[in-house]
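Asker: Next up is a structure, given as structure tokens.
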Amino acid sequence: MPRGRRGGRVSALEGGPEEEAPPGAAAVPSVSWASQLQPEAAAEQILLRGIFNIGRDSCDVVLSERALRWRPIQPERPAGDFKYDLLCKEEFIELKDIFSVKLKRRYSAKQQRSGTLLGITLFICLKTEQNKLKDSTLDLINLSEDHCDVWFRQFKKILAGFSNRPKSLKILLNPQSHKKEATQVYYEKVEPLLKIAGIKTDVTITQYEGHALSLLKECELQGFDGVVCVGGDGSASEVAHALLLRAQKNTGVETDSILTPARAQLPLGVIPAGSTNVLAHSLHGIPHVVTATLHIIMGHVQPVDVCTFSTSGKLLRFGFSAMFGFGGRTLALAEKHRWMSPNQRRDFAVIKALAKLKPEDCEISFLPFNSSRDLQERRAQEAPKSDPNEQWQMIQGQFLNISIMAIPCLCSVAPRGLAPNTRLNNGSMALIIARNTSRREFIKHLKRYASVKNQFNFPFIETYTVEEVKVHPRNNTSGHNPEEQDRPHETASESSFPWNVDGDLMEVASEVHVRLHPRLINLYGGSMEESNDSKVTCNCL
């Protein structure tokens, strides 16, 4: 972390609109200091050099191709003076971590239009512990208008070179998420950062379930660089599903019996404002609003695998994970008690589902993952019917729960993930099967998710790495039990079975075919080291 006083956001924003600096000659770099830089720094082309106050120190500042470096100006001391060398230690920030620059001004009551110039404020994205990102500022204080104009223009030119960073975003906000906090989260934590970064936004507050889906089918997205969802897992999954459906429509792909879907044409950002935030947690490693926002601002993009869920050759939806059996029944119960708070509703549903725990008689067919050949290549060569050379496996019996997951599914109750051996884009799904066992043993298995112990180390748990799965319930009379519902006229028929797909309830009466599609959508997220910023830094000047 760079040393020196950090200016607040407000002090920089009070400087008024950004000024276009007049043309000016760049400062001549110092050969003497360049020779003292670290080898990798000395090899870079120096763009500007000048003197600024940083904190309490007057510093010699050098802007190079990749970094901004500075060291305090000190009187000459004898060589080998350890204390002097420590005081003069060079500090730096990488240019790829800067996301905005503004002129810093002080205004008085008499100054309505232009205040007194104080210098330049840099807005920086910093990585801290546990994958968390935070925003910080660095003030470069110099009262010379001409001097600051030259530096300001150069910083703006550098930032304009990061072409992967979004300049305009479509925002979809679900005001009903979790404790109805999404609106507050967006306007208090997300929007201020987007404004600092100079990103234009168009905000739509969804009015009902399915609103985002219907909106994204028809609305004009040509002027946007990405879509951002502020809400929980259900909202994020709905938006991802809508973007993928739109991609199929735009490319003329028939959605039914789909083998090779078209990729989503815009990246999706997920701001966690739900009760579990599985997708955001899996994507960022932490369900943190500022971290998610900064990943969007910095243009950090991760390709993510997506599943298609279909029945009888008809596409039901796109999604990232699903649970059938206990997981589906728990969600179905929770949906009938939405008048409760999210935590109360979840706890009530889990307890009631455990009290009426019963297995489903199923036939499960799956195609094991074959890492020797690219899945997308194999899928492109497939006929409508399965290749007879590919060996499907089948198991049948009584199952308490079946989980099919293309992402790790991290959350507060499962910090290691519901599928800890799965990655966001490894081209495979985790199939986790819980066979029939006693309630006591099944509860032990559930409790393991919250600990560091292996939750799969039970004789009734089986795990597989797969490309496709077919789940065929054989006992139609064990579907939804009308006795469990408060309002029977609102429920599906007895022959339907509840599925939990990304936190959304999906009721299906027959076999469900789940197929993985690698890297089908780009999501804003991932570590800063994995971003493409470092690849464009050299070319952006």
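Naming scheme: A, B, ... for chains in displayed order of the structure tokens; residues 1 onward per chain; ligands 1 onward as shown.
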Pick out each residue of stretch 179-364 of chain A that DSSP on the backbone tags as strand (DSSP E); I need them as number ranges by chain.
Answerer: A: 200-205, 226-231, 268-272, 301-311, 314-319, 321-325, 360-364
Asker: How about saving the chosen residues, C-alpha atoms kept, as a PDB file, in the first residue's frame?
Answerer:
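File again07.pdb, as written:
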ATOM      1  CA  LYS A 200     -23.004   5.839 -17.572  1.00  0.00           C
ATOM      2  CA  THR A 201     -25.915   3.800 -16.203  1.00  0.00           C
ATOM      3  CA  ASP A 202     -29.515   3.092 -17.109  1.00  0.00           C
ATOM      4  CA  VAL A 203     -31.369   1.691 -14.081  1.00  0.00           C
ATOM      5  CA  THR A 204     -34.554  -0.384 -14.233  1.00  0.00           C
ATOM      6  CA  ILE A 205     -36.225  -1.463 -10.982  1.00  0.00           C
ATOM      7  CA  GLY A 226     -22.520  -4.944 -19.944  1.00  0.00           C
ATOM      8  CA  VAL A 227     -25.553  -5.774 -17.826  1.00  0.00           C
ATOM      9  CA  VAL A 228     -25.518  -5.646 -14.024  1.00  0.00           C
ATOM     10  CA  CYS A 229     -27.966  -7.389 -11.715  1.00  0.00           C
ATOM     11  CA  VAL A 230     -28.465  -6.107  -8.170  1.00  0.00           C
ATOM     12  CA  GLY A 231     -30.206  -8.876  -6.252  1.00  0.00           C
ATOM     13  CA  LEU A 268     -22.997  -9.910 -16.672  1.00  0.00           C
ATOM     14  CA  GLY A 269     -22.135  -8.261 -13.366  1.00  0.00           C
ATOM     15  CA  VAL A 270     -23.624  -9.578 -10.126  1.00  0.00           C
ATOM     16  CA  ILE A 271     -23.979  -7.272  -7.106  1.00  0.00           C
ATOM     17  CA  PRO A 272     -24.784  -9.503  -4.089  1.00  0.00           C
ATOM     18  CA  VAL A 301     -14.083 -10.813 -16.765  1.00  0.00           C
ATOM     19  CA  GLN A 302     -14.353 -14.565 -16.130  1.00  0.00           C
ATOM     20  CA  PRO A 303     -15.834 -17.000 -18.667  1.00  0.00           C
ATOM     21  CA  VAL A 304     -18.234 -19.313 -16.814  1.00  0.00           C
ATOM     22  CA  ASP A 305     -19.758 -22.681 -17.702  1.00  0.00           C
ATOM     23  CA  VAL A 306     -23.551 -22.854 -17.968  1.00  0.00           C
ATOM     24  CA  CYS A 307     -26.049 -25.742 -17.970  1.00  0.00           C
ATOM     25  CA  THR A 308     -29.165 -26.204 -20.060  1.00  0.00           C
ATOM     26  CA  PHE A 309     -32.159 -27.879 -18.408  1.00  0.00           C
ATOM     27  CA  SER A 310     -34.596 -29.516 -20.800  1.00  0.00           C
ATOM     28  CA  THR A 311     -37.413 -32.042 -20.761  1.00  0.00           C
ATOM     29  CA  LYS A 314     -37.869 -28.685 -24.852  1.00  0.00           C
ATOM     30  CA  LEU A 315     -35.536 -26.159 -23.201  1.00  0.00           C
ATOM     31  CA  LEU A 316     -36.690 -25.202 -19.716  1.00  0.00           C
ATOM     32  CA  ARG A 317     -33.938 -22.761 -18.834  1.00  0.00           C
ATOM     33  CA  PHE A 318     -30.247 -21.968 -18.569  1.00  0.00           C
ATOM     34  CA  GLY A 319     -28.659 -22.191 -15.131  1.00  0.00           C
ATOM     35  CA  SER A 321     -26.650 -25.392 -10.479  1.00  0.00           C
ATOM     36  CA  ALA A 322     -29.617 -27.513  -9.445  1.00  0.00           C
ATOM     37  CA  MET A 323     -30.842 -29.722  -6.612  1.00  0.00           C
ATOM     38  CA  PHE A 324     -33.520 -32.384  -6.765  1.00  0.00           C
ATOM     39  CA  GLY A 325     -35.073 -34.178  -3.808  1.00  0.00           C
ATOM     40  CA  GLU A 360     -37.215 -40.254  -4.450  1.00  0.00           C
ATOM     41  CA  ASP A 361     -37.219 -43.396  -6.585  1.00  0.00           C
ATOM     42  CA  CYS A 362     -35.115 -42.327  -9.569  1.00  0.00           C
ATOM     43  CA  GLU A 363     -33.121 -43.524 -12.517  1.00  0.00           C
ATOM     44  CA  ILE A 364     -30.018 -41.399 -13.089  1.00  0.00           C
TER      45      ILE A 364
END
Asker: Can you list, as number ranges by chain, all residues belonging to stretch 131-162 of chain A that DSSP tags as alpha helix (DSSP H)?
Answerer: A: 145-160
Asker: Do you know which residues are at most 8 Å from A:Ser428 counting only C-alpha atoms, after dropping those on the same chain fewer than 4 positions away, and could you put them as a ChimeraX atom specification?
Answerer: /A:369,406,422,465-467,516,518
Asker: Can I get the selected residues back with all heavy atoms, as an mmCIF file, in the first residue's frame?
Answerer:
data_model
loop_
_atom_site.group_PDB
_atom_site.id
_atom_site.type_symbol
_atom_site.label_atom_id
_atom_site.label_comp_id
_atom_site.auth_asym_id
_atom_site.auth_seq_id
_atom_site.Cartn_x
_atom_site.Cartn_y
_atom_site.Cartn_z
ATOM 1 N N PHE A 369 -17.206 -37.208 -17.464
ATOM 2 C CA PHE A 369 -16.368 -36.184 -18.080
ATOM 3 C C PHE A 369 -15.155 -36.818 -18.738
ATOM 4 O O PHE A 369 -14.465 -37.646 -18.151
ATOM 5 C CB PHE A 369 -15.915 -35.173 -17.020
ATOM 6 C CG PHE A 369 -14.947 -34.149 -17.527
ATOM 7 C CD1 PHE A 369 -15.296 -33.273 -18.541
ATOM 8 C CD2 PHE A 369 -13.674 -34.048 -16.975
ATOM 9 C CE1 PHE A 369 -14.400 -32.327 -19.004
ATOM 10 C CE2 PHE A 369 -12.778 -33.095 -17.427
ATOM 11 C CZ PHE A 369 -13.141 -32.237 -18.440
ATOM 12 N N ALA A 406 -22.365 -26.742 -11.874
ATOM 13 C CA ALA A 406 -21.299 -26.337 -12.784
ATOM 14 C C ALA A 406 -20.365 -25.320 -12.149
ATOM 15 O O ALA A 406 -19.331 -24.987 -12.725
ATOM 16 C CB ALA A 406 -21.893 -25.751 -14.065
ATOM 17 N N THR A 422 -15.372 -28.367 -8.016
ATOM 18 C CA THR A 422 -15.764 -27.797 -9.302
ATOM 19 C C THR A 422 -15.206 -26.384 -9.428
ATOM 20 O O THR A 422 -15.039 -25.686 -8.434
ATOM 21 C CB THR A 422 -17.297 -27.766 -9.424
ATOM 22 O OG1 THR A 422 -17.797 -29.084 -9.245
ATOM 23 C CG2 THR A 422 -17.747 -27.250 -10.771
ATOM 24 N N THR A 465 -17.842 -36.725 -11.760
ATOM 25 C CA THR A 465 -17.567 -35.569 -12.611
ATOM 26 C C THR A 465 -18.124 -35.888 -13.984
ATOM 27 O O THR A 465 -17.715 -36.862 -14.621
ATOM 28 C CB THR A 465 -16.056 -35.297 -12.693
ATOM 29 O OG1 THR A 465 -15.542 -35.100 -11.369
ATOM 30 C CG2 THR A 465 -15.775 -34.048 -13.516
ATOM 31 N N VAL A 466 -19.068 -35.066 -14.452
ATOM 32 C CA VAL A 466 -19.872 -35.446 -15.612
ATOM 33 C C VAL A 466 -19.992 -34.290 -16.605
ATOM 34 O O VAL A 466 -19.675 -33.137 -16.298
ATOM 35 C CB VAL A 466 -21.283 -35.891 -15.176
ATOM 36 C CG1 VAL A 466 -21.200 -37.069 -14.216
ATOM 37 C CG2 VAL A 466 -22.046 -34.726 -14.532
ATOM 38 N N GLU A 467 -20.482 -34.649 -17.814
ATOM 39 C CA GLU A 467 -20.790 -33.670 -18.852
ATOM 40 C C GLU A 467 -22.296 -33.513 -19.038
ATOM 41 O O GLU A 467 -22.774 -32.436 -19.375
ATOM 42 C CB GLU A 467 -20.165 -34.100 -20.187
ATOM 43 C CG GLU A 467 -18.658 -34.186 -20.154
ATOM 44 C CD GLU A 467 -18.093 -34.741 -21.449
ATOM 45 O OE1 GLU A 467 -18.895 -34.941 -22.403
ATOM 46 O OE2 GLU A 467 -16.879 -34.976 -21.526
ATOM 47 N N LEU A 516 -23.958 -29.642 -19.927
ATOM 48 C CA LEU A 516 -23.013 -28.553 -19.673
ATOM 49 C C LEU A 516 -22.548 -27.921 -20.981
ATOM 50 O O LEU A 516 -22.298 -28.625 -21.971
ATOM 51 C CB LEU A 516 -21.790 -29.066 -18.910
ATOM 52 C CG LEU A 516 -20.795 -27.958 -18.532
ATOM 53 C CD1 LEU A 516 -21.264 -27.266 -17.272
ATOM 54 C CD2 LEU A 516 -19.386 -28.496 -18.355
ATOM 55 N N PRO A 518 -19.509 -25.230 -22.003
ATOM 56 C CA PRO A 518 -18.355 -24.502 -21.443
ATOM 57 C C PRO A 518 -18.325 -23.034 -21.843
ATOM 58 O O PRO A 518 -18.659 -22.682 -22.977
ATOM 59 C CB PRO A 518 -17.149 -25.248 -22.043
ATOM 60 C CG PRO A 518 -17.674 -26.539 -22.556
ATOM 61 C CD PRO A 518 -19.088 -26.291 -22.924
#
Asker: Using only C-alpha atoms, which of the listed residues (A:Asn425, A:Ser510, A:Asn131, A:Ser144) sits closest to A:Leu103?
Answerer: A:Ser144
Asker: Tell me, in Å to one decimal, how far atom CA of A:Lys102 is from atom CA of A:Lys157.
Answerer: 12.9 Å
Asker: Of the residues A:Trp151, A:Asn174, A:Lys217, A:Thr121, which is the one nearest to A:Tyr186, using only C-alpha atoms?
Answerer: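 Under the stated criterion, the closest residue is A:Asn174.
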Asker: Go through A:Leu431, A:Ala273, A:Ile46, A:Met340 and flag the residue nearest A:Val471, using only C-alpha atoms for the distances.
Answerer: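 Smallest distance to A:Val471 is found for A:Leu431.
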